[in-house]
Amino acid sequence: MKKIKRLAAVLLAGIMALALFTACSDSDPGNPEFDPKVESAYLDALNNTFGTSFENDADIKRLAIEHIEEKHGADSLTGSARCKTEGDEKTVVRQVQLCYDTKSSKPNAFVPLFYEAANTPNITPDKMSLRTLYYAVEQEIEAAKKNGITLELTALGVGAKTIGGKTYVAIGFELTNTAAQ
């Protein structure tokens, strides 16, 4: 009888430990149906804004999703916290920005924009975020030109990630120094 009680206790402890690890899992499967729709709508809007026909760049999408995962729950973001940059900055630079909303009680602070699949039958890309990204590209190209560097827009990308029922979006670009190649 003691052996059965011990076996039952061990099994129960194992089940409880498994339940604990399952409940504390940090993985969020996202929304595999909605995320690509959001990405497609934003990529179409980006291509329309820039007059291009780029496919969704995998490196920019990866950087965008990383940035979403880092900043998605923020109460407010400064202008610099909205953006994330990578690349060697001599030949290639990639920059993404979270799509944002200005509904914040703090001046010059932004909150991450999100969509809820159940409440969003049609995805309308945020025009302010698109304009901000376009302006950032123009500024980078002009600043480089003043230093004798020719930058070319070589890719656009979008990442969307659903976390806790909210789908966040980050959009980005890649600029390449054409003289360095």
# chains A, B, ... in the order shown; residues from 1 in each chain; ligands from 1
$ residues_around --residues "Asp57 (chain A)" --least-positions-apart "6" --cutoff "7 Å" --atoms "only C-alpha atoms" --output "JSON, numbers by chain"
{"A": [155, 156, 157]}
$ residues_around --residues "Lys145 (chain A)" --least-positions-apart "6" --cutoff "12 Å" --atoms "only C-alpha atoms" --output "PDB file with all heavy atoms, in the first residue's frame"
ATOM      1  N   GLU A 138      13.983  59.489 -47.126  1.00  0.00           N
ATOM      2  CA  GLU A 138      14.412  60.698 -47.833  1.00  0.00           C
ATOM      3  C   GLU A 138      15.512  61.426 -47.061  1.00  0.00           C
ATOM      4  O   GLU A 138      16.488  61.890 -47.652  1.00  0.00           O
ATOM      5  CB  GLU A 138      13.212  61.638 -48.066  1.00  0.00           C
ATOM      6  CG  GLU A 138      12.186  61.072 -49.021  1.00  0.00           C
ATOM      7  CD  GLU A 138      12.743  60.873 -50.414  1.00  0.00           C
ATOM      8  OE1 GLU A 138      13.352  61.811 -50.970  1.00  0.00           O
ATOM      9  OE2 GLU A 138      12.585  59.761 -50.953  1.00  0.00           O
ATOM     10  N   GLN A 139      15.377  61.516 -45.744  1.00  0.00           N
ATOM     11  CA  GLN A 139      16.381  62.185 -44.914  1.00  0.00           C
ATOM     12  C   GLN A 139      17.726  61.460 -44.973  1.00  0.00           C
ATOM     13  O   GLN A 139      18.776  62.090 -45.063  1.00  0.00           O
ATOM     14  CB  GLN A 139      15.896  62.281 -43.459  1.00  0.00           C
ATOM     15  CG  GLN A 139      14.744  63.226 -43.270  1.00  0.00           C
ATOM     16  CD  GLN A 139      15.158  64.666 -43.529  1.00  0.00           C
ATOM     17  OE1 GLN A 139      16.182  65.127 -43.058  1.00  0.00           O
ATOM     18  NE2 GLN A 139      14.362  65.372 -44.314  1.00  0.00           N
ATOM     19  N   LEU A 151      23.129  56.564 -51.679  1.00  0.00           N
ATOM     20  CA  LEU A 151      22.331  55.474 -51.122  1.00  0.00           C
ATOM     21  C   LEU A 151      21.166  55.177 -52.042  1.00  0.00           C
ATOM     22  O   LEU A 151      20.591  56.080 -52.652  1.00  0.00           O
ATOM     23  CB  LEU A 151      21.789  55.847 -49.738  1.00  0.00           C
ATOM     24  CG  LEU A 151      22.793  56.019 -48.620  1.00  0.00           C
ATOM     25  CD1 LEU A 151      22.083  56.426 -47.329  1.00  0.00           C
ATOM     26  CD2 LEU A 151      23.591  54.749 -48.398  1.00  0.00           C
ATOM     27  N   GLU A 152      20.838  53.910 -52.119  1.00  0.00           N
ATOM     28  CA  GLU A 152      19.712  53.468 -52.938  1.00  0.00           C
ATOM     29  C   GLU A 152      18.772  52.624 -52.078  1.00  0.00           C
ATOM     30  O   GLU A 152      19.227  51.791 -51.294  1.00  0.00           O
ATOM     31  CB  GLU A 152      20.237  52.638 -54.105  1.00  0.00           C
ATOM     32  CG  GLU A 152      19.160  52.142 -55.038  1.00  0.00           C
ATOM     33  CD  GLU A 152      19.739  51.297 -56.162  1.00  0.00           C
ATOM     34  OE1 GLU A 152      20.868  51.586 -56.621  1.00  0.00           O
ATOM     35  OE2 GLU A 152      19.064  50.333 -56.567  1.00  0.00           O
ATOM     36  N   ASN A 177      24.662  51.462 -49.999  1.00  0.00           N
ATOM     37  CA  ASN A 177      25.644  52.391 -50.539  1.00  0.00           C
ATOM     38  C   ASN A 177      26.118  51.824 -51.863  1.00  0.00           C
ATOM     39  O   ASN A 177      26.883  50.852 -51.891  1.00  0.00           O
ATOM     40  CB  ASN A 177      26.804  52.576 -49.563  1.00  0.00           C
ATOM     41  CG  ASN A 177      27.866  53.527 -50.051  1.00  0.00           C
ATOM     42  OD1 ASN A 177      27.909  53.902 -51.220  1.00  0.00           O
ATOM     43  ND2 ASN A 177      28.729  53.939 -49.153  1.00  0.00           N
ATOM     44  N   THR A 178      25.678  52.394 -52.960  1.00  0.00           N
ATOM     45  CA  THR A 178      25.988  51.827 -54.279  1.00  0.00           C
ATOM     46  C   THR A 178      27.454  52.009 -54.662  1.00  0.00           C
ATOM     47  O   THR A 178      27.985  51.236 -55.438  1.00  0.00           O
ATOM     48  CB  THR A 178      25.088  52.450 -55.371  1.00  0.00           C
ATOM     49  OG1 THR A 178      25.234  53.871 -55.346  1.00  0.00           O
ATOM     50  CG2 THR A 178      23.633  52.092 -55.129  1.00  0.00           C
ATOM     51  N   ALA A 179      28.134  53.014 -54.108  1.00  0.00           N
ATOM     52  CA  ALA A 179      29.539  53.249 -54.437  1.00  0.00           C
ATOM     53  C   ALA A 179      30.465  52.261 -53.720  1.00  0.00           C
ATOM     54  O   ALA A 179      31.567  52.012 -54.159  1.00  0.00           O
ATOM     55  CB  ALA A 179      29.938  54.673 -54.071  1.00  0.00           C
TER      56      ALA A 179
END
$ atom_distance --atom1 "CA of Ala45 (chain A)" --atom2 "CA of Pro125 (chain A)"
6.9 Å
$ select_by_dssp --residues "region 67-160 of chain A" --states "strand (DSSP E)" --output "compact mmCIF listing (two decimals) with N, CA and C atoms, in the first residue's frame"
# COMPACT_ATOMS: atom_id res chain seq x y z
N CYS A 83 12.16 53.03 -33.28
CA CYS A 83 12.99 52.51 -34.37
C CYS A 83 14.05 51.54 -33.89
N LYS A 84 14.44 50.65 -34.79
CA LYS A 84 15.55 49.73 -34.54
C LYS A 84 16.34 49.65 -35.84
N THR A 85 17.67 49.70 -35.73
CA THR A 85 18.54 49.71 -36.90
C THR A 85 19.56 48.59 -36.81
N GLU A 86 19.92 48.04 -37.98
CA GLU A 86 21.01 47.08 -38.05
C GLU A 86 21.72 47.25 -39.38
N VAL A 92 25.37 48.79 -46.03
CA VAL A 92 23.94 48.50 -45.90
C VAL A 92 23.44 48.93 -44.53
N VAL A 93 22.26 49.51 -44.53
CA VAL A 93 21.59 49.81 -43.27
C VAL A 93 20.12 49.40 -43.41
N ARG A 94 19.63 48.75 -42.38
CA ARG A 94 18.21 48.39 -42.31
C ARG A 94 17.62 49.09 -41.11
N GLN A 95 16.45 49.66 -41.30
CA GLN A 95 15.79 50.30 -40.17
C GLN A 95 14.31 49.94 -40.19
N VAL A 96 13.78 49.63 -39.03
CA VAL A 96 12.34 49.38 -38.90
C VAL A 96 11.79 50.33 -37.86
N GLN A 97 10.52 50.61 -37.99
CA GLN A 97 9.83 51.42 -36.98
C GLN A 97 8.50 50.76 -36.67
N LEU A 98 8.15 50.80 -35.41
CA LEU A 98 6.83 50.34 -35.02
C LEU A 98 5.80 51.30 -35.57
N TYR A 100 2.69 53.39 -35.11
CA TYR A 100 2.36 54.00 -33.83
C TYR A 100 1.08 54.82 -33.89
N ASP A 101 0.61 55.12 -32.72
CA ASP A 101 -0.57 55.94 -32.52
C ASP A 101 -0.15 57.08 -31.61
N VAL A 111 2.35 55.46 -28.77
CA VAL A 111 2.02 54.12 -28.30
C VAL A 111 1.98 53.19 -29.50
N PRO A 112 2.39 51.93 -29.33
CA PRO A 112 2.34 51.00 -30.45
C PRO A 112 0.91 50.80 -30.96
N PHE A 114 -2.02 48.77 -32.84
CA PHE A 114 -2.32 47.35 -32.99
C PHE A 114 -3.70 47.18 -33.61
N TYR A 115 -3.89 45.99 -34.15
CA TYR A 115 -5.18 45.59 -34.70
C TYR A 115 -5.66 44.39 -33.90
N LEU A 151 23.13 56.56 -51.68
CA LEU A 151 22.33 55.47 -51.12
C LEU A 151 21.17 55.18 -52.04
N GLU A 152 20.84 53.91 -52.12
CA GLU A 152 19.71 53.47 -52.94
C GLU A 152 18.77 52.62 -52.08
N LEU A 153 17.50 52.85 -52.24
CA LEU A 153 16.50 52.03 -51.57
C LEU A 153 16.49 50.67 -52.25
N THR A 154 16.88 49.61 -51.50
CA THR A 154 17.01 48.28 -52.10
C THR A 154 16.00 47.27 -51.57
N ALA A 155 15.25 47.61 -50.52
CA ALA A 155 14.25 46.67 -50.01
C ALA A 155 13.30 47.38 -49.07
N LEU A 156 12.10 46.83 -49.01
CA LEU A 156 11.09 47.24 -48.03
C LEU A 156 10.59 45.98 -47.35
N GLY A 157 10.12 46.13 -46.14
CA GLY A 157 9.61 44.96 -45.44
C GLY A 157 8.65 45.31 -44.34
N VAL A 158 7.89 44.31 -43.95
CA VAL A 158 6.86 44.45 -42.92
C VAL A 158 6.88 43.21 -42.04
N GLY A 159 6.74 43.43 -40.77
CA GLY A 159 6.55 42.33 -39.84
C GLY A 159 5.31 42.59 -39.03
N ALA A 160 4.49 41.57 -38.85
CA ALA A 160 3.30 41.67 -38.00
C ALA A 160 3.35 40.50 -37.04
$ atom_distance --atom1 "CA of Lys61 (chain A)" --atom2 "CA of Leu130 (chain A)"
15.7 Å
$ atom_distance --atom1 "CA of Arg62 (chain A)" --atom2 "CA of Ala109 (chain A)"
25.2 Å
$ closest_residue --among "A:Ile60, A:Ile65, A:Ala74, A:Leu113" --to "Leu175 (chain A)" --atoms "only C-alpha atoms"
A:Ile60
$ residues_around --residues "Arg131 (chain A)" --least-positions-apart "3" --cutoff "12 Å" --atoms "only C-alpha atoms" --output "list in words"
Ala45, Leu46, Asn48, Thr49, Phe50, Gln97, Cys99, Tyr100, Pro125, Asp126, Lys127, Met128, Tyr134, Tyr135, Ala136, Val137, Glu138, Ile171 and Gly172 of chain A
$ write_last_selection --atoms "N, CA and C atoms" --output "PDB file, in the first residue's frame"
ATOM      1  N   ALA A  45       0.814  49.094 -49.338  1.00  0.00           N
ATOM      2  CA  ALA A  45       0.799  50.534 -49.072  1.00  0.00           C
ATOM      3  C   ALA A  45       2.205  51.126 -49.160  1.00  0.00           C
ATOM      4  N   LEU A  46       3.213  50.396 -48.661  1.00  0.00           N
ATOM      5  CA  LEU A  46       4.600  50.866 -48.769  1.00  0.00           C
ATOM      6  C   LEU A  46       5.024  50.988 -50.223  1.00  0.00           C
ATOM      7  N   ASN A  48       3.177  51.370 -52.792  1.00  0.00           N
ATOM      8  CA  ASN A  48       2.437  52.483 -53.380  1.00  0.00           C
ATOM      9  C   ASN A  48       3.062  53.814 -52.976  1.00  0.00           C
ATOM     10  N   THR A  49       3.431  53.968 -51.716  1.00  0.00           N
ATOM     11  CA  THR A  49       4.038  55.202 -51.208  1.00  0.00           C
ATOM     12  C   THR A  49       5.377  55.481 -51.881  1.00  0.00           C
ATOM     13  N   PHE A  50       6.194  54.440 -52.038  1.00  0.00           N
ATOM     14  CA  PHE A  50       7.533  54.611 -52.595  1.00  0.00           C
ATOM     15  C   PHE A  50       7.583  54.457 -54.113  1.00  0.00           C
ATOM     16  N   GLN A  97      10.515  50.610 -37.987  1.00  0.00           N
ATOM     17  CA  GLN A  97       9.832  51.419 -36.985  1.00  0.00           C
ATOM     18  C   GLN A  97       8.497  50.764 -36.668  1.00  0.00           C
ATOM     19  N   CYS A  99       4.713  50.755 -36.086  1.00  0.00           N
ATOM     20  CA  CYS A  99       3.607  51.624 -36.456  1.00  0.00           C
ATOM     21  C   CYS A  99       3.023  52.121 -35.143  1.00  0.00           C
ATOM     22  N   TYR A 100       2.689  53.390 -35.107  1.00  0.00           N
ATOM     23  CA  TYR A 100       2.362  54.005 -33.835  1.00  0.00           C
ATOM     24  C   TYR A 100       1.078  54.818 -33.891  1.00  0.00           C
ATOM     25  N   PRO A 125      -3.828  50.433 -43.552  1.00  0.00           N
ATOM     26  CA  PRO A 125      -2.510  50.832 -43.047  1.00  0.00           C
ATOM     27  C   PRO A 125      -2.513  52.272 -42.540  1.00  0.00           C
ATOM     28  N   ASP A 126      -1.762  52.485 -41.477  1.00  0.00           N
ATOM     29  CA  ASP A 126      -1.667  53.784 -40.830  1.00  0.00           C
ATOM     30  C   ASP A 126      -0.852  54.746 -41.692  1.00  0.00           C
ATOM     31  N   LYS A 127      -1.496  55.787 -42.183  1.00  0.00           N
ATOM     32  CA  LYS A 127      -0.846  56.729 -43.101  1.00  0.00           C
ATOM     33  C   LYS A 127       0.272  57.519 -42.435  1.00  0.00           C
ATOM     34  N   MET A 128       0.113  57.845 -41.154  1.00  0.00           N
ATOM     35  CA  MET A 128       1.158  58.608 -40.462  1.00  0.00           C
ATOM     36  C   MET A 128       2.451  57.789 -40.376  1.00  0.00           C
ATOM     37  N   TYR A 134       8.678  57.064 -44.996  1.00  0.00           N
ATOM     38  CA  TYR A 134       9.085  57.685 -46.258  1.00  0.00           C
ATOM     39  C   TYR A 134      10.009  58.878 -45.985  1.00  0.00           C
ATOM     40  N   TYR A 135       9.649  59.679 -45.007  1.00  0.00           N
ATOM     41  CA  TYR A 135      10.456  60.843 -44.645  1.00  0.00           C
ATOM     42  C   TYR A 135      11.827  60.396 -44.139  1.00  0.00           C
ATOM     43  N   ALA A 136      11.881  59.334 -43.349  1.00  0.00           N
ATOM     44  CA  ALA A 136      13.159  58.819 -42.828  1.00  0.00           C
ATOM     45  C   ALA A 136      14.071  58.385 -43.975  1.00  0.00           C
ATOM     46  N   VAL A 137      13.513  57.713 -44.974  1.00  0.00           N
ATOM     47  CA  VAL A 137      14.306  57.283 -46.134  1.00  0.00           C
ATOM     48  C   VAL A 137      14.844  58.510 -46.874  1.00  0.00           C
ATOM     49  N   GLU A 138      13.983  59.489 -47.126  1.00  0.00           N
ATOM     50  CA  GLU A 138      14.412  60.698 -47.833  1.00  0.00           C
ATOM     51  C   GLU A 138      15.512  61.426 -47.061  1.00  0.00           C
ATOM     52  N   ILE A 171       7.265  48.421 -39.844  1.00  0.00           N
ATOM     53  CA  ILE A 171       7.607  48.552 -41.257  1.00  0.00           C
ATOM     54  C   ILE A 171       9.050  49.037 -41.369  1.00  0.00           C
ATOM     55  N   GLY A 172       9.694  48.709 -42.481  1.00  0.00           N
ATOM     56  CA  GLY A 172      11.091  49.111 -42.581  1.00  0.00           C
ATOM     57  C   GLY A 172      11.624  49.159 -43.994  1.00  0.00           C
TER      58      GLY A 172
END
$ closest_residue --among "A:Thr78, A:Ala170, A:Thr120, A:Leu63" --to "Tyr42 (chain A)" --atoms "only C-alpha atoms"
A:Ala170
$ select_by_dssp --residues "region 68-179 of chain A" --states "helix (DSSP H, G or I)" --output "VMD selection string"
chain A and resid 68 to 71 117 to 119 127 to 146 178 to 179
$ decode --residues "region 64-99 of chain A" --atoms "N, CA, C and O atoms" --output "mmCIF file, in the first residue's frame"
data_model
loop_
_atom_site.group_PDB
_atom_site.id
_atom_site.type_symbol
_atom_site.label_atom_id
_atom_site.label_comp_id
_atom_site.auth_asym_id
_atom_site.auth_seq_id
_atom_site.Cartn_x
_atom_site.Cartn_y
_atom_site.Cartn_z
ATOM 1 N N ALA A 64 11.827 43.488 -37.835
ATOM 2 C CA ALA A 64 10.556 44.085 -37.419
ATOM 3 C C ALA A 64 9.897 43.261 -36.316
ATOM 4 O O ALA A 64 9.432 43.806 -35.313
ATOM 5 N N ILE A 65 9.874 41.953 -36.482
ATOM 6 C CA ILE A 65 9.250 41.096 -35.474
ATOM 7 C C ILE A 65 10.039 41.124 -34.174
ATOM 8 O O ILE A 65 9.449 41.170 -33.088
ATOM 9 N N GLU A 66 11.362 41.149 -34.259
ATOM 10 C CA GLU A 66 12.186 41.288 -33.041
ATOM 11 C C GLU A 66 11.828 42.574 -32.298
ATOM 12 O O GLU A 66 11.686 42.582 -31.082
ATOM 13 N N HIS A 67 11.674 43.652 -33.050
ATOM 14 C CA HIS A 67 11.373 44.944 -32.433
ATOM 15 C C HIS A 67 9.975 44.935 -31.809
ATOM 16 O O HIS A 67 9.782 45.484 -30.715
ATOM 17 N N ILE A 68 9.037 44.315 -32.486
ATOM 18 C CA ILE A 68 7.680 44.196 -31.920
ATOM 19 C C ILE A 68 7.741 43.438 -30.602
ATOM 20 O O ILE A 68 7.136 43.854 -29.605
ATOM 21 N N GLU A 69 8.462 42.329 -30.585
ATOM 22 C CA GLU A 69 8.553 41.517 -29.369
ATOM 23 C C GLU A 69 9.189 42.297 -28.216
ATOM 24 O O GLU A 69 8.822 42.115 -27.067
ATOM 25 N N GLU A 70 10.116 43.194 -28.525
ATOM 26 C CA GLU A 70 10.781 43.994 -27.494
ATOM 27 C C GLU A 70 9.900 45.121 -26.958
ATOM 28 O O GLU A 70 9.961 45.455 -25.785
ATOM 29 N N LYS A 71 9.065 45.727 -27.803
ATOM 30 C CA LYS A 71 8.383 46.967 -27.433
ATOM 31 C C LYS A 71 6.857 46.891 -27.372
ATOM 32 O O LYS A 71 6.213 47.875 -27.030
ATOM 33 N N HIS A 72 6.244 45.762 -27.669
ATOM 34 C CA HIS A 72 4.796 45.694 -27.864
ATOM 35 C C HIS A 72 3.947 46.196 -26.707
ATOM 36 O O HIS A 72 2.892 46.740 -26.918
ATOM 37 N N GLY A 73 4.338 46.041 -25.487
ATOM 38 C CA GLY A 73 3.481 46.421 -24.371
ATOM 39 C C GLY A 73 3.770 47.787 -23.787
ATOM 40 O O GLY A 73 3.225 48.144 -22.754
ATOM 41 N N ALA A 74 4.610 48.587 -24.443
ATOM 42 C CA ALA A 74 5.023 49.875 -23.889
ATOM 43 C C ALA A 74 3.841 50.835 -23.769
ATOM 44 O O ALA A 74 2.983 50.888 -24.644
ATOM 45 N N ASP A 75 3.825 51.574 -22.654
ATOM 46 C CA ASP A 75 2.797 52.603 -22.467
ATOM 47 C C ASP A 75 3.051 53.786 -23.378
ATOM 48 O O ASP A 75 2.133 54.430 -23.850
ATOM 49 N N SER A 76 4.314 54.095 -23.584
ATOM 50 C CA SER A 76 4.677 55.159 -24.508
ATOM 51 C C SER A 76 6.088 54.911 -25.028
ATOM 52 O O SER A 76 6.894 54.254 -24.385
ATOM 53 N N LEU A 77 6.352 55.432 -26.196
ATOM 54 C CA LEU A 77 7.648 55.290 -26.854
ATOM 55 C C LEU A 77 8.121 56.661 -27.294
ATOM 56 O O LEU A 77 7.341 57.454 -27.815
ATOM 57 N N THR A 78 9.397 56.935 -27.128
ATOM 58 C CA THR A 78 9.961 58.147 -27.708
ATOM 59 C C THR A 78 10.181 57.890 -29.193
ATOM 60 O O THR A 78 10.081 56.750 -29.658
ATOM 61 N N GLY A 79 10.514 58.937 -29.927
ATOM 62 C CA GLY A 79 10.760 58.772 -31.350
ATOM 63 C C GLY A 79 11.857 57.771 -31.633
ATOM 64 O O GLY A 79 11.748 56.944 -32.537
ATOM 65 N N SER A 80 12.931 57.803 -30.857
ATOM 66 C CA SER A 80 14.041 56.882 -31.103
ATOM 67 C C SER A 80 13.700 55.453 -30.676
ATOM 68 O O SER A 80 14.192 54.496 -31.262
ATOM 69 N N ALA A 81 12.859 55.278 -29.670
ATOM 70 C CA ALA A 81 12.480 53.929 -29.221
ATOM 71 C C ALA A 81 11.553 53.246 -30.213
ATOM 72 O O ALA A 81 11.415 52.028 -30.196
ATOM 73 N N ARG A 82 10.923 54.019 -31.090
ATOM 74 C CA ARG A 82 10.062 53.429 -32.108
ATOM 75 C C ARG A 82 10.876 52.681 -33.148
ATOM 76 O O ARG A 82 10.360 51.819 -33.846
ATOM 77 N N CYS A 83 12.159 53.031 -33.282
ATOM 78 C CA CYS A 83 12.986 52.506 -34.370
ATOM 79 C C CYS A 83 14.052 51.541 -33.886
ATOM 80 O O CYS A 83 14.506 51.608 -32.752
ATOM 81 N N LYS A 84 14.441 50.652 -34.786
ATOM 82 C CA LYS A 84 15.550 49.732 -34.538
ATOM 83 C C LYS A 84 16.341 49.646 -35.843
ATOM 84 O O LYS A 84 15.757 49.513 -36.923
ATOM 85 N N THR A 85 17.674 49.699 -35.725
ATOM 86 C CA THR A 85 18.539 49.710 -36.899
ATOM 87 C C THR A 85 19.559 48.594 -36.810
ATOM 88 O O THR A 85 20.010 48.252 -35.727
ATOM 89 N N GLU A 86 19.916 48.035 -37.976
ATOM 90 C CA GLU A 86 21.014 47.078 -38.047
ATOM 91 C C GLU A 86 21.719 47.248 -39.379
ATOM 92 O O GLU A 86 21.199 47.882 -40.285
ATOM 93 N N GLY A 87 22.891 46.678 -39.473
ATOM 94 C CA GLY A 87 23.698 46.770 -40.683
ATOM 95 C C GLY A 87 25.025 47.403 -40.340
ATOM 96 O O GLY A 87 25.222 47.938 -39.249
ATOM 97 N N ASP A 88 25.946 47.360 -41.283
ATOM 98 C CA ASP A 88 27.274 47.896 -41.003
ATOM 99 C C ASP A 88 27.348 49.413 -41.176
ATOM 100 O O ASP A 88 28.349 50.028 -40.869
ATOM 101 N N GLU A 89 26.299 50.013 -41.680
ATOM 102 C CA GLU A 89 26.168 51.455 -41.882
ATOM 103 C C GLU A 89 27.225 52.029 -42.831
ATOM 104 O O GLU A 89 27.360 53.232 -42.945
ATOM 105 N N LYS A 90 27.980 51.159 -43.498
ATOM 106 C CA LYS A 90 28.917 51.602 -44.532
ATOM 107 C C LYS A 90 28.400 51.181 -45.896
ATOM 108 O O LYS A 90 28.473 51.942 -46.850
ATOM 109 N N THR A 91 27.916 49.943 -45.955
ATOM 110 C CA THR A 91 27.381 49.465 -47.228
ATOM 111 C C THR A 91 25.868 49.262 -47.159
ATOM 112 O O THR A 91 25.174 49.534 -48.122
ATOM 113 N N VAL A 92 25.374 48.785 -46.029
ATOM 114 C CA VAL A 92 23.942 48.498 -45.904
ATOM 115 C C VAL A 92 23.443 48.933 -44.534
ATOM 116 O O VAL A 92 24.119 48.741 -43.527
ATOM 117 N N VAL A 93 22.257 49.506 -44.525
ATOM 118 C CA VAL A 93 21.588 49.806 -43.265
ATOM 119 C C VAL A 93 20.118 49.404 -43.409
ATOM 120 O O VAL A 93 19.506 49.629 -44.446
ATOM 121 N N ARG A 94 19.626 48.745 -42.377
ATOM 122 C CA ARG A 94 18.206 48.390 -42.312
ATOM 123 C C ARG A 94 17.620 49.093 -41.109
ATOM 124 O O ARG A 94 18.231 49.101 -40.045
ATOM 125 N N GLN A 95 16.454 49.660 -41.298
ATOM 126 C CA GLN A 95 15.785 50.299 -40.173
ATOM 127 C C GLN A 95 14.310 49.943 -40.195
ATOM 128 O O GLN A 95 13.698 49.927 -41.263
ATOM 129 N N VAL A 96 13.780 49.625 -39.029
ATOM 130 C CA VAL A 96 12.342 49.381 -38.903
ATOM 131 C C VAL A 96 11.795 50.334 -37.859
ATOM 132 O O VAL A 96 12.511 50.814 -36.981
ATOM 133 N N GLN A 97 10.515 50.610 -37.987
ATOM 134 C CA GLN A 97 9.832 51.419 -36.985
ATOM 135 C C GLN A 97 8.497 50.764 -36.668
ATOM 136 O O GLN A 97 7.839 50.219 -37.552
ATOM 137 N N LEU A 98 8.151 50.804 -35.409
ATOM 138 C CA LEU A 98 6.830 50.336 -35.016
ATOM 139 C C LEU A 98 5.800 51.298 -35.566
ATOM 140 O O LEU A 98 5.993 52.517 -35.527
ATOM 141 N N CYS A 99 4.713 50.755 -36.086
ATOM 142 C CA CYS A 99 3.607 51.624 -36.456
ATOM 143 C C CYS A 99 3.023 52.121 -35.143
ATOM 144 O O CYS A 99 2.910 51.376 -34.176
#
